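Containing mmCIF, C-alpha atoms: protein_25.cif.
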data_coords
loop_
_atom_site.label_atom_id
_atom_site.label_comp_id
_atom_site.auth_asym_id
_atom_site.auth_seq_id
_atom_site.Cartn_x
_atom_site.Cartn_y
_atom_site.Cartn_z
CA MET A 1 -19.32 -32.41 36.84
CA ASN A 2 -21.26 -32.50 40.12
CA SER A 3 -23.87 -30.25 38.54
CA LEU A 4 -24.23 -32.66 35.62
CA LEU A 5 -24.83 -35.55 38.01
CA ALA A 6 -27.25 -33.41 40.02
CA VAL A 7 -29.38 -32.71 36.93
CA ILE A 8 -29.45 -36.40 36.05
CA ARG A 9 -30.34 -37.31 39.64
CA ARG A 10 -33.11 -34.71 39.75
CA ASP A 11 -34.68 -35.81 36.45
CA LEU A 12 -34.51 -39.49 37.42
CA LEU A 13 -36.13 -38.65 40.75
CA LEU A 14 -38.89 -36.77 38.94
CA ALA A 15 -39.38 -39.66 36.52
CA MET A 16 -39.75 -42.03 39.48
CA ARG A 17 -42.50 -39.83 40.93
CA ARG A 18 -44.32 -39.49 37.59
CA LYS A 19 -44.11 -43.13 36.58
CA SER A 20 -47.09 -43.02 34.23
CA GLU A 21 -45.24 -40.91 31.63
CA VAL A 22 -42.35 -43.35 31.45
CA LEU A 23 -44.56 -46.43 31.39
CA THR A 24 -46.79 -45.00 28.65
CA ALA A 25 -43.91 -44.82 26.18
CA LEU A 26 -42.70 -48.26 27.19
CA PHE A 27 -46.11 -49.90 26.76
CA PHE A 28 -46.56 -48.08 23.46
CA PHE A 29 -43.31 -49.62 22.23
CA MET A 30 -44.32 -53.11 23.41
CA ILE A 31 -47.79 -52.98 21.91
CA VAL A 32 -46.83 -51.50 18.53
CA VAL A 33 -44.09 -54.09 18.08
CA SER A 34 -46.38 -56.93 19.17
CA LEU A 35 -49.20 -55.91 16.80
CA PHE A 36 -47.14 -56.67 13.70
CA PRO A 37 -46.76 -60.46 14.17
CA LEU A 38 -50.45 -60.63 15.06
CA GLY A 39 -51.49 -58.67 11.98
CA ILE A 40 -49.19 -60.31 9.49
CA GLY A 41 -49.52 -63.90 10.61
CA PRO A 42 -47.02 -66.62 11.48
CA GLU A 43 -44.64 -66.58 8.53
CA PRO A 44 -41.15 -66.73 10.05
CA ALA A 45 -39.32 -65.69 6.89
CA LEU A 46 -41.41 -62.53 6.44
CA LEU A 47 -41.30 -61.66 10.14
CA ARG A 48 -37.51 -62.00 10.21
CA LYS A 49 -37.34 -59.66 7.24
CA ILE A 50 -39.47 -56.89 8.72
CA ALA A 51 -38.26 -57.24 12.34
CA PRO A 52 -35.41 -54.67 12.32
CA GLY A 53 -37.52 -52.03 10.61
CA VAL A 54 -40.55 -52.56 12.85
CA LEU A 55 -38.49 -52.46 16.05
CA TRP A 56 -36.65 -49.34 14.99
CA VAL A 57 -39.72 -47.44 13.79
CA ALA A 58 -41.49 -48.32 17.04
CA ALA A 59 -38.46 -47.10 19.00
CA LEU A 60 -38.48 -43.79 17.09
CA LEU A 61 -42.16 -43.22 17.76
CA ALA A 62 -41.86 -44.22 21.43
CA THR A 63 -39.04 -41.71 21.85
CA MET A 64 -41.15 -39.03 20.16
CA LEU A 65 -43.93 -39.52 22.74
CA GLY A 66 -42.00 -38.09 25.67
CA LEU A 67 -39.97 -35.58 23.72
CA GLN A 68 -42.28 -32.62 24.13
CA ARG A 69 -42.17 -33.02 27.91
CA MET A 70 -38.39 -32.82 27.93
CA PHE A 71 -38.19 -29.08 28.60
CA ALA A 72 -41.85 -27.98 28.82
CA PRO A 73 -42.36 -28.56 32.59
CA ASP A 74 -39.04 -26.87 33.37
CA HIS A 75 -40.03 -23.95 31.19
CA ALA A 76 -43.43 -23.62 32.83
CA ASP A 77 -42.17 -23.62 36.44
CA GLY A 78 -39.16 -21.36 35.89
CA THR A 79 -36.51 -24.05 36.40
CA LEU A 80 -35.16 -23.35 32.94
CA GLU A 81 -34.64 -19.69 33.85
CA GLN A 82 -32.68 -20.74 36.91
CA MET A 83 -30.61 -23.10 34.77
CA ALA A 84 -29.80 -20.25 32.39
CA LEU A 85 -28.80 -18.05 35.35
CA SER A 86 -26.77 -20.73 37.10
CA PRO A 87 -23.01 -20.18 37.39
CA THR A 88 -22.64 -23.66 35.86
CA PRO A 89 -22.47 -23.51 32.04
CA MET A 90 -25.96 -24.16 30.69
CA GLY A 91 -24.65 -26.57 28.04
CA LEU A 92 -23.54 -28.92 30.82
CA LEU A 93 -26.93 -28.81 32.53
CA VAL A 94 -28.70 -29.40 29.21
CA GLY A 95 -26.35 -32.33 28.57
CA GLY A 96 -27.44 -33.75 31.92
CA LYS A 97 -31.11 -33.41 30.98
CA ILE A 98 -30.51 -35.22 27.68
CA ALA A 99 -28.64 -37.99 29.49
CA ALA A 100 -31.51 -38.36 31.94
CA HIS A 101 -34.00 -38.48 29.07
CA TRP A 102 -32.06 -41.35 27.50
CA LEU A 103 -31.84 -43.24 30.81
CA VAL A 104 -35.60 -42.93 31.27
CA SER A 105 -36.92 -43.40 27.74
CA GLY A 106 -34.07 -44.90 25.68
CA LEU A 107 -32.41 -47.50 27.88
CA PRO A 108 -35.65 -49.38 28.70
CA LEU A 109 -36.27 -49.78 24.95
CA VAL A 110 -32.80 -51.27 24.51
CA LEU A 111 -33.41 -53.75 27.32
CA LEU A 112 -36.87 -54.66 26.08
CA ALA A 113 -35.95 -55.06 22.40
CA PRO A 114 -34.39 -58.58 22.59
CA VAL A 115 -37.49 -59.94 24.32
CA LEU A 116 -39.78 -58.41 21.71
CA GLY A 117 -37.42 -59.56 18.96
CA LEU A 118 -38.21 -63.17 19.87
CA GLN A 119 -41.70 -62.68 18.44
CA PHE A 120 -40.06 -62.15 15.05
CA ASP A 121 -38.02 -65.37 15.20
CA LEU A 122 -34.70 -63.52 15.29
CA ASP A 123 -31.73 -65.69 16.33
CA ALA A 124 -29.35 -64.83 19.16
CA GLY A 125 -26.78 -63.19 16.90
CA ALA A 126 -29.34 -60.89 15.27
CA LEU A 127 -30.78 -59.99 18.68
CA GLY A 128 -27.28 -59.09 19.87
CA VAL A 129 -26.74 -56.79 16.89
CA LEU A 130 -30.17 -55.26 17.47
CA VAL A 131 -29.29 -54.45 21.09
CA VAL A 132 -25.93 -52.95 20.15
CA ALA A 133 -27.51 -50.88 17.37
CA LEU A 134 -30.21 -49.59 19.74
CA LEU A 135 -27.59 -48.92 22.42
CA ILE A 136 -25.74 -46.61 20.02
CA GLY A 137 -28.88 -45.32 18.29
CA THR A 138 -31.21 -44.39 21.15
CA PRO A 139 -28.84 -41.76 22.68
CA LEU A 140 -28.69 -40.28 19.18
CA LEU A 141 -32.51 -40.07 19.18
CA SER A 142 -32.49 -38.26 22.54
CA LEU A 143 -29.79 -35.83 21.39
CA ILE A 144 -31.47 -34.92 18.09
CA GLY A 145 -34.87 -34.83 19.77
CA ALA A 146 -33.60 -32.36 22.36
CA ILE A 147 -32.83 -29.82 19.63
CA GLY A 148 -36.36 -30.18 18.28
CA ALA A 149 -37.92 -30.01 21.74
CA ALA A 150 -35.98 -26.81 22.50
CA LEU A 151 -36.88 -25.19 19.17
CA THR A 152 -40.60 -25.86 19.59
CA LEU A 153 -40.69 -24.81 23.25
CA GLY A 154 -43.57 -22.46 23.94
CA VAL A 155 -44.98 -22.85 20.42
CA ARG A 156 -48.71 -23.51 20.27
CA GLY A 157 -49.36 -26.89 18.66
CA GLY A 158 -45.69 -27.65 19.16
CA GLY A 159 -46.31 -31.39 19.26
CA VAL A 160 -47.10 -31.74 15.58
CA LEU A 161 -44.36 -29.31 14.61
CA LEU A 162 -41.92 -31.31 16.71
CA SER A 163 -42.73 -34.53 14.83
CA VAL A 164 -42.40 -32.80 11.47
CA LEU A 165 -39.09 -31.32 12.54
CA VAL A 166 -37.50 -34.29 14.27
CA LEU A 167 -38.68 -37.40 12.40
CA PRO A 168 -36.82 -36.53 9.16
CA LEU A 169 -33.67 -36.04 11.23
CA TYR A 170 -34.15 -39.54 12.64
CA VAL A 171 -33.93 -41.07 9.16
CA PRO A 172 -30.13 -41.70 9.19
CA ALA A 173 -30.40 -43.42 12.59
CA LEU A 174 -33.25 -45.55 11.26
CA ILE A 175 -31.39 -46.53 8.07
CA PHE A 176 -28.13 -47.49 9.75
CA GLY A 177 -29.76 -48.98 12.84
CA ALA A 178 -32.20 -51.23 11.00
CA GLY A 179 -29.58 -51.79 8.28
CA ALA A 180 -27.12 -53.22 10.81
CA VAL A 181 -29.50 -56.02 11.77
CA GLU A 182 -30.45 -56.75 8.16
CA ALA A 183 -26.78 -56.83 7.15
CA HIS A 184 -26.06 -59.30 9.92
CA ILE A 185 -28.97 -61.55 8.92
CA SER A 186 -27.89 -61.55 5.28
CA GLY A 187 -24.33 -62.44 6.34
CA LEU A 188 -22.64 -59.18 5.34
CA GLY A 189 -21.61 -58.23 8.89
CA ALA A 190 -22.99 -55.31 10.87
CA GLY A 191 -19.65 -53.55 11.46
CA GLY A 192 -20.01 -50.89 8.78
CA HIS A 193 -23.50 -49.83 9.79
CA LEU A 194 -22.65 -49.74 13.49
CA SER A 195 -19.53 -47.65 12.82
CA LEU A 196 -21.54 -45.11 10.89
CA LEU A 197 -24.16 -45.02 13.65
CA ALA A 198 -21.41 -44.47 16.22
CA ALA A 199 -19.94 -41.68 14.10
CA LEU A 200 -23.34 -39.96 14.02
CA LEU A 201 -23.57 -40.34 17.80
CA ALA A 202 -20.12 -38.79 18.31
CA LEU A 203 -21.11 -35.85 16.14
CA ALA A 204 -24.41 -35.40 17.98
CA VAL A 205 -22.80 -35.60 21.45
CA PHE A 206 -20.60 -32.72 20.41
CA PHE A 207 -23.13 -30.47 18.70
CA ALA A 208 -26.60 -31.27 20.08
CA PRO A 209 -26.18 -29.86 23.65
CA TRP A 210 -24.75 -26.70 22.20
CA ALA A 211 -27.55 -26.26 19.64
CA THR A 212 -30.17 -27.13 22.27
CA THR A 213 -28.77 -24.52 24.66
CA ALA A 214 -28.83 -21.87 21.96
CA ALA A 215 -32.46 -22.71 21.14
CA LEU A 216 -33.45 -22.64 24.83
CA ARG A 217 -31.88 -19.22 25.32
CA ILE A 218 -33.98 -17.90 22.44
CA ALA A 219 -37.11 -19.43 23.96
CA LEU A 220 -36.36 -17.74 27.29
CA GLU A 221 -35.98 -14.21 25.91
CA MET B 1 -21.76 -2.29 41.98
CA LEU B 2 -24.50 -2.57 39.39
CA THR B 3 -25.01 0.26 36.91
CA ALA B 4 -27.26 0.59 33.90
CA THR B 5 -27.35 3.41 31.40
CA GLY B 6 -29.89 4.35 28.77
CA LEU B 7 -31.94 1.14 29.02
CA THR B 8 -34.80 0.82 26.55
CA CYS B 9 -37.38 -1.92 26.62
CA VAL B 10 -39.64 -2.67 23.67
CA ARG B 11 -42.36 -5.34 23.85
CA GLY B 12 -43.89 -5.97 20.46
CA GLU B 13 -44.98 -2.56 19.13
CA ARG B 14 -44.91 -0.85 22.50
CA ARG B 15 -42.02 1.01 24.04
CA LEU B 16 -42.30 0.33 27.77
CA PHE B 17 -39.52 2.62 28.93
CA SER B 18 -36.49 4.29 27.42
CA GLY B 19 -33.36 6.06 28.57
CA LEU B 20 -33.52 4.49 32.04
CA ASP B 21 -30.43 4.95 34.22
CA LEU B 22 -29.88 3.25 37.54
CA ALA B 23 -27.08 2.40 39.94
CA VAL B 24 -26.93 0.18 43.02
CA ALA B 25 -23.89 0.37 45.29
CA PRO B 26 -23.02 -2.11 48.08
CA GLY B 27 -25.44 -1.70 50.98
CA GLU B 28 -28.12 -0.10 48.79
CA TRP B 29 -31.37 -1.43 47.46
CA LEU B 30 -33.54 -0.36 44.59
CA HIS B 31 -37.33 -0.35 44.68
CA VAL B 32 -38.71 -0.72 41.16
CA GLN B 33 -42.20 0.75 41.06
CA GLY B 34 -44.80 1.02 38.34
CA GLU B 35 -48.28 0.01 37.29
CA ASN B 36 -49.13 -3.49 36.10
CA GLY B 37 -47.59 -3.90 32.68
CA ALA B 38 -45.17 -1.00 33.13
CA GLY B 39 -42.21 -3.28 32.49
CA LYS B 40 -40.98 -4.06 36.01
CA THR B 41 -40.40 -7.73 35.34
CA SER B 42 -38.92 -6.92 31.93
CA LEU B 43 -36.43 -4.61 33.64
CA LEU B 44 -35.46 -7.26 36.17
CA ARG B 45 -35.01 -9.89 33.45
CA MET B 46 -32.75 -7.45 31.63
CA LEU B 47 -30.70 -6.88 34.77
CA THR B 48 -30.23 -10.63 35.18
CA GLY B 49 -29.12 -11.00 31.56
CA LEU B 50 -32.05 -13.25 30.59
CA SER B 51 -33.21 -10.78 27.96
CA HIS B 52 -31.28 -8.14 26.09
CA ALA B 53 -31.99 -4.42 26.15
CA VAL B 54 -32.82 -2.86 22.79
CA GLU B 55 -30.57 0.03 23.75
CA GLY B 56 -28.36 0.72 26.72
CA GLU B 57 -25.84 -1.22 28.72
CA ILE B 58 -25.71 -2.97 32.09
CA ARG B 59 -22.42 -3.18 33.94
CA TRP B 60 -21.36 -5.11 37.02
CA ASN B 61 -18.30 -3.60 38.74
CA GLY B 62 -17.61 -1.67 35.54
CA GLU B 63 -17.70 -4.66 33.17
CA PRO B 64 -20.63 -5.38 30.80
CA ILE B 65 -22.61 -8.34 32.17
CA GLN B 66 -22.59 -10.15 28.82
CA ALA B 67 -18.79 -10.18 28.88
CA LEU B 68 -18.70 -11.38 32.49
CA GLY B 69 -21.08 -14.27 31.87
CA GLU B 70 -20.63 -16.92 34.56
CA ASP B 71 -18.76 -14.55 36.90
CA TYR B 72 -21.79 -12.27 37.00
CA ARG B 73 -24.23 -15.14 37.39
CA ARG B 74 -22.24 -16.42 40.38
CA ASP B 75 -22.70 -13.06 42.13
CA MET B 76 -26.39 -12.69 41.29
CA LEU B 77 -29.53 -14.51 42.39
CA PHE B 78 -32.87 -14.00 40.63
CA LEU B 79 -36.16 -15.15 42.09
CA GLY B 80 -39.05 -14.54 39.73
CA HIS B 81 -42.80 -15.08 39.58
CA HIS B 82 -42.36 -18.74 38.86
CA GLY B 83 -41.46 -20.93 41.76
CA ALA B 84 -38.74 -22.91 40.00
CA LEU B 85 -39.87 -25.55 42.47
CA LYS B 86 -40.62 -29.12 41.47
CA GLU B 87 -44.03 -30.04 42.83
CA GLU B 88 -43.17 -33.73 43.09
CA LEU B 89 -40.06 -33.17 45.18
CA THR B 90 -39.86 -32.26 48.86
CA PRO B 91 -38.63 -28.84 50.02
CA LEU B 92 -35.39 -30.45 51.16
CA GLU B 93 -34.77 -32.10 47.78
CA ASN B 94 -35.66 -28.90 45.96
CA LEU B 95 -33.21 -26.89 48.02
CA GLU B 96 -30.38 -29.42 47.78
CA LEU B 97 -30.79 -29.93 44.03
CA ALA B 98 -30.96 -26.19 43.37
CA ALA B 99 -27.67 -25.80 45.25
CA ALA B 100 -26.11 -28.72 43.37
CA LEU B 101 -27.10 -27.24 39.99
CA ASP B 102 -25.36 -24.03 40.99
CA GLY B 103 -22.28 -26.02 41.96
CA ALA B 104 -22.62 -24.87 45.57
CA GLU B 105 -21.85 -26.94 48.66
CA LEU B 106 -24.87 -27.57 50.86
CA THR B 107 -24.98 -30.27 53.51
CA GLY B 108 -28.26 -31.87 54.52
CA ALA B 109 -28.02 -30.42 58.01
CA ALA B 110 -27.45 -26.90 56.68
CA ALA B 111 -30.42 -27.22 54.31
CA LEU B 112 -32.63 -28.43 57.17
CA ALA B 113 -31.55 -25.55 59.39
CA VAL B 114 -32.46 -23.05 56.68
CA LEU B 115 -35.89 -24.62 56.11
CA TRP B 116 -36.58 -24.52 59.85
CA ARG B 117 -35.57 -20.89 59.93
CA PHE B 118 -38.20 -20.27 57.26
CA GLY B 119 -40.85 -21.93 59.39
CA LEU B 120 -41.05 -25.19 57.48
CA ARG B 121 -40.24 -27.54 60.35
CA GLY B 122 -42.18 -30.75 59.86
CA ARG B 123 -42.78 -30.04 56.15
CA GLU B 124 -39.31 -31.01 54.91
CA GLU B 125 -40.35 -34.43 53.63
CA LEU B 126 -43.71 -33.40 52.16
CA PRO B 127 -43.95 -33.02 48.36
CA VAL B 128 -44.14 -29.32 47.51
CA ARG B 129 -47.56 -29.72 45.85
CA PHE B 130 -49.12 -30.26 49.28
CA LEU B 131 -47.81 -26.91 50.57
CA SER B 132 -49.75 -23.66 50.53
CA ALA B 133 -48.79 -20.79 48.22
CA GLY B 134 -47.06 -18.96 51.05
CA GLN B 135 -45.14 -22.05 52.13
CA LYS B 136 -43.99 -22.64 48.54
CA ARG B 137 -42.78 -19.08 48.51
CA ARG B 138 -40.83 -19.72 51.73
CA VAL B 139 -39.10 -22.74 50.20
CA LEU B 140 -38.11 -20.57 47.27
CA LEU B 141 -36.86 -17.77 49.50
CA ALA B 142 -34.71 -20.24 51.43
CA ARG B 143 -32.38 -20.09 48.44
CA LEU B 144 -31.49 -16.53 49.45
CA VAL B 145 -29.64 -17.99 52.42
CA THR B 146 -28.16 -21.13 50.88
CA ARG B 147 -26.83 -19.45 47.75
CA LYS B 148 -24.34 -16.79 48.75
CA ALA B 149 -24.98 -14.10 46.13
CA ARG B 150 -24.06 -10.44 46.45
CA LEU B 151 -26.84 -9.10 44.27
CA TRP B 152 -30.42 -10.19 44.83
CA VAL B 153 -32.93 -9.53 42.07
CA LEU B 154 -36.37 -10.29 43.48
CA ASP B 155 -39.64 -10.02 41.59
CA GLU B 156 -42.52 -9.42 44.02
CA PRO B 157 -40.84 -11.24 46.92
CA PHE B 158 -43.63 -10.42 49.38
CA THR B 159 -46.46 -12.02 47.39
CA ALA B 160 -48.44 -14.63 49.34
CA LEU B 161 -46.38 -14.21 52.51
CA ASP B 162 -48.00 -13.74 55.92
CA VAL B 163 -47.12 -10.86 58.26
CA LYS B 164 -44.50 -12.88 60.11
CA ALA B 165 -42.79 -14.00 56.92
CA VAL B 166 -42.81 -10.46 55.53
CA ASP B 167 -41.01 -9.27 58.67
CA MET B 168 -38.52 -12.11 58.43
CA LEU B 169 -37.80 -11.46 54.77
CA ALA B 170 -37.41 -7.74 55.41
CA GLY B 171 -34.96 -8.60 58.19
CA LEU B 172 -33.09 -10.94 55.87
CA ILE B 173 -32.77 -8.26 53.20
CA GLY B 174 -31.64 -5.78 55.88
CA GLU B 175 -28.92 -8.20 57.02
CA HIS B 176 -27.86 -8.77 53.45
CA LEU B 177 -27.54 -5.03 52.84
CA ALA B 178 -25.68 -4.47 56.11
CA GLY B 179 -23.17 -7.09 54.97
CA GLY B 180 -22.41 -5.12 51.80
CA GLY B 181 -24.98 -6.87 49.62
CA MET B 182 -27.24 -5.27 47.02
CA ALA B 183 -30.86 -5.84 46.14
CA VAL B 184 -33.22 -4.85 43.35
CA LEU B 185 -36.86 -5.65 43.97
CA THR B 186 -40.34 -4.90 42.77
CA SER B 187 -43.29 -4.54 45.08
CA HIS B 188 -46.60 -2.74 45.18
CA GLN B 189 -46.55 -2.43 48.94
CA ALA B 190 -44.58 0.08 50.95
CA MET B 191 -41.37 -1.67 51.83
CA PRO B 192 -40.52 -2.26 55.48
CA ILE B 193 -36.81 -1.81 54.78
CA ALA B 194 -34.91 1.36 55.55
CA GLY B 195 -33.05 3.29 52.90
CA GLY B 196 -33.38 2.36 49.30
CA LYS B 197 -33.87 4.30 46.12
CA ALA B 198 -37.03 4.23 44.05
CA VAL B 199 -37.16 3.78 40.31
CA LYS B 200 -40.49 4.71 38.73
CA LEU B 201 -41.36 3.21 35.37
#

Would you kindly transcribe this structure into structure tokens?
Amino acid sequence: MNSLLAVIRRDLLLAMRRKSEVLTALFFFMIVVSLFPLGIGPEPALLRKIAPGVLWVAALLATMLGLQRMFAPDHADGTLEQMALSPTPMGLLVGGKIAAHWLVSGLPLVLLAPVLGLQFDLDAGALGVLVVALLIGTPLLSLIGAIGAALTLGVRGGGVLLSVLVLPLYVPALIFGAGAVEAHISGLGAGGHLSLLAALLALAVFFAPWATTAALRIALE
Amino acid sequence: MLTATGLTCVRGERRLFSGLDLAVAPGEWLHVQGENGAGKTSLLRMLTGLSHAVEGEIRWNGEPIQALGEDYRRDMLFLGHHGALKEELTPLENLELAAALDGAELTGAAALAVLWRFGLRGREELPVRFLSAGQKRRVLLARLVTRKARLWVLDEPFTALDVKAVDMLAGLIGEHLAGGGMAVLTSHQAMPIAGGKAVKL
């Protein structure tokens, strides 16, 4: 458990010292989301309709930006080798790296989303559902993304391959995440969508670190 | 005790070595020699369990290392070509976090003492990217002291070190061997450590 916390602490410390990478993804999210109301024009009904989709797609793409850097620096400087040779199970250390990735690139999106949602004339209830959906959904994005990042590690032109590999896997998160907000706006209640999203998260928490570890071991051979 | 029998290494189409046997008993060290590209690093990575031998078996105290898993990794420390150092972090942070990842106890005072012993007094709080190649190497080698492993697998440990550091490292390895430790290392120089068996690839 201490090792898990140590990995998280180390990755957060590194993120603090390389602020530009974190801020790039965050600004990307802000700008992409803000471009839509400017491009479409001030029609509250239309903006309310597209808001969940726009916010979620922007969140997916913002997560994708930093994904390739999740394991690449550790691979290049030999840290990954040391993680594989550590007496601590590698799955635990990988779990810590995924958790750190979410804290750095997922959590800020969750906190920023309600502010950006105001541009789309969403009411307080819809904003609340949006935050909850992103809170469940963004860890799922980090977990699925980790598998893709590990599989494309050391592959030339891995960035494009990573998008092709990971974005289709993000589709369920997108459907249920954006669907939750839409369901709430149309008065159906977001419970069903959020439950399904949470079920996906539970499944990913169980399998993703394991699959990522297996992929990393192959990359190290 | 580390033993390997009938090891074969294949890289792509090329067979680097085959039918290699070796044994290291407590207090012994093994000098892996060979030309560039002869497969020295490949052999060391096999011994650590990072890569698998095409043929042959590696045993630690009579048990195959794959079966031992974490028990073997607790007894073994591998320092390779790559620093495994984070350039943005200070030597102290690097050392403490490396120990924490391994689940080892390391107090701040103990870490400082080790860094001073390796001649890094006054550089503890400086990000590693400002250090010279030799100093980076010293930070890395400090792990030999903080992580209590019985088997050291070192790939070119003397690279970039000055004369003083070479002597210190040789002394450190000597102490380790005298205490019943084992070491496998590669080097192109003659080794300033007594005893030791050579393996030519």

Please build the interface table for chain B against chain A with a cut-off of 9 Å, listing for each qualifying residue the nearest atom pair and the distance in Å to one decimal; count only C-alpha atoms, order rows by chain and increasing number, and write it as CSV.
residue,atom,partner,partner_atom,distance
B:Arg45,CA,A:Glu221,CA,8.7
B:Thr48,CA,A:Leu85,CA,7.6
B:Gly49,CA,A:Leu85,CA,8.0
B:Leu50,CA,A:Glu221,CA,6.2
B:Ser51,CA,A:Glu221,CA,4.9
B:His52,CA,A:Glu221,CA,7.7
B:Gly69,CA,A:Pro87,CA,8.3
B:Glu70,CA,A:Pro87,CA,4.9
B:Asp71,CA,A:Pro87,CA,7.1
B:Tyr72,CA,A:Pro87,CA,8.0
B:Arg73,CA,A:Pro87,CA,5.2
B:Arg74,CA,A:Pro87,CA,4.9
B:Asp75,CA,A:Pro87,CA,8.6
B:Met76,CA,A:Leu85,CA,8.4
B:Leu77,CA,A:Leu85,CA,7.9
B:Phe78,CA,A:Gln82,CA,7.7
B:Leu79,CA,A:Gln82,CA,8.4
B:Gly80,CA,A:Gly78,CA,7.8
B:His81,CA,A:Gly78,CA,8.1
B:His82,CA,A:Gly78,CA,5.1
B:Gly83,CA,A:Asp77,CA,6.0
B:Ala84,CA,A:Thr79,CA,4.4
B:Leu85,CA,A:Asp77,CA,6.7
B:Lys86,CA,A:Asp77,CA,7.6
B:Glu88,CA,A:Arg17,CA,6.5
B:Leu89,CA,A:Leu14,CA,7.3
B:Glu93,CA,A:Arg10,CA,8.6
B:Asn94,CA,A:Arg10,CA,8.9
B:Leu97,CA,A:Ala6,CA,6.4
B:Ala98,CA,A:Gln82,CA,8.6
B:Ala99,CA,A:Ser3,CA,8.9
B:Ala100,CA,A:Ser3,CA,5.5
B:Leu101,CA,A:Ser3,CA,4.6
B:Asp102,CA,A:Ser86,CA,5.3
B:Gly103,CA,A:Ser3,CA,5.7
B:Ala104,CA,A:Ser3,CA,8.9

Starting from the displayed file, determine the output of the PyMOL selection byres ((chain A and resi 57) around 12) and express the residue list as a VMD selection string.
chain A and resid 28 to 29 32 to 33 36 50 to 56 58 to 64 109 134 137 to 138 141 167 170 to 171 173 to 175 177 to 178

Save out the residues we just selected, C-alpha atoms, as a PDB file, in the coordinates of the input.
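So the final result, stored in selection-v2.pdb, reads:
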ATOM      1  CA  PHE A  28     -46.560 -48.080  23.460  1.00  0.00           C
ATOM      2  CA  PHE A  29     -43.310 -49.620  22.230  1.00  0.00           C
ATOM      3  CA  VAL A  32     -46.830 -51.500  18.530  1.00  0.00           C
ATOM      4  CA  VAL A  33     -44.090 -54.090  18.080  1.00  0.00           C
ATOM      5  CA  PHE A  36     -47.140 -56.670  13.700  1.00  0.00           C
ATOM      6  CA  ILE A  50     -39.470 -56.890   8.720  1.00  0.00           C
ATOM      7  CA  ALA A  51     -38.260 -57.240  12.340  1.00  0.00           C
ATOM      8  CA  PRO A  52     -35.410 -54.670  12.320  1.00  0.00           C
ATOM      9  CA  GLY A  53     -37.520 -52.030  10.610  1.00  0.00           C
ATOM     10  CA  VAL A  54     -40.550 -52.560  12.850  1.00  0.00           C
ATOM     11  CA  LEU A  55     -38.490 -52.460  16.050  1.00  0.00           C
ATOM     12  CA  TRP A  56     -36.650 -49.340  14.990  1.00  0.00           C
ATOM     13  CA  ALA A  58     -41.490 -48.320  17.040  1.00  0.00           C
ATOM     14  CA  ALA A  59     -38.460 -47.100  19.000  1.00  0.00           C
ATOM     15  CA  LEU A  60     -38.480 -43.790  17.090  1.00  0.00           C
ATOM     16  CA  LEU A  61     -42.160 -43.220  17.760  1.00  0.00           C
ATOM     17  CA  ALA A  62     -41.860 -44.220  21.430  1.00  0.00           C
ATOM     18  CA  THR A  63     -39.040 -41.710  21.850  1.00  0.00           C
ATOM     19  CA  MET A  64     -41.150 -39.030  20.160  1.00  0.00           C
ATOM     20  CA  LEU A 109     -36.270 -49.780  24.950  1.00  0.00           C
ATOM     21  CA  LEU A 134     -30.210 -49.590  19.740  1.00  0.00           C
ATOM     22  CA  GLY A 137     -28.880 -45.320  18.290  1.00  0.00           C
ATOM     23  CA  THR A 138     -31.210 -44.390  21.150  1.00  0.00           C
ATOM     24  CA  LEU A 141     -32.510 -40.070  19.180  1.00  0.00           C
ATOM     25  CA  LEU A 167     -38.680 -37.400  12.400  1.00  0.00           C
ATOM     26  CA  TYR A 170     -34.150 -39.540  12.640  1.00  0.00           C
ATOM     27  CA  VAL A 171     -33.930 -41.070   9.160  1.00  0.00           C
ATOM     28  CA  ALA A 173     -30.400 -43.420  12.590  1.00  0.00           C
ATOM     29  CA  LEU A 174     -33.250 -45.550  11.260  1.00  0.00           C
ATOM     30  CA  ILE A 175     -31.390 -46.530   8.070  1.00  0.00           C
ATOM     31  CA  GLY A 177     -29.760 -48.980  12.840  1.00  0.00           C
ATOM     32  CA  ALA A 178     -32.200 -51.230  11.000  1.00  0.00           C
TER      33      ALA A 178
END

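The residue that comes closest to A:Glu21, out of A:Val104, A:Leu216, A:Ala99, A:Ala72 and on the basis of only C-alpha atoms, is A:Val104.
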
Please provide as a list in words all residues within 12 Å of B:Ala190, with the sequence filter that same-chain residues fewer than 6 positions apart are discarded (counting all atoms listed in the file).
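Result of the neighbour search: His31, Val32, Gln33, Glu156, Phe158, Val166, Ala170, Gly196 and Ala198 of chain B.
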
List the residues selected by the PyMOL selection byres ((chain B and resi 195) around 12) in the file shown, writing them as a compact mmCIF listing (two decimals) with C-alpha atoms, in the frame of the given file.
# COMPACT_ATOMS: atom_id res chain seq x y z
CA GLY B 27 -25.44 -1.70 50.98
CA GLU B 28 -28.12 -0.10 48.79
CA TRP B 29 -31.37 -1.43 47.46
CA LEU B 30 -33.54 -0.36 44.59
CA HIS B 31 -37.33 -0.35 44.68
CA ILE B 173 -32.77 -8.26 53.20
CA GLY B 174 -31.64 -5.78 55.88
CA LEU B 177 -27.54 -5.03 52.84
CA ALA B 178 -25.68 -4.47 56.11
CA MET B 182 -27.24 -5.27 47.02
CA ALA B 183 -30.86 -5.84 46.14
CA MET B 191 -41.37 -1.67 51.83
CA PRO B 192 -40.52 -2.26 55.48
CA ILE B 193 -36.81 -1.81 54.78
CA ALA B 194 -34.91 1.36 55.55
CA GLY B 196 -33.38 2.36 49.30
CA LYS B 197 -33.87 4.30 46.12
CA ALA B 198 -37.03 4.23 44.05
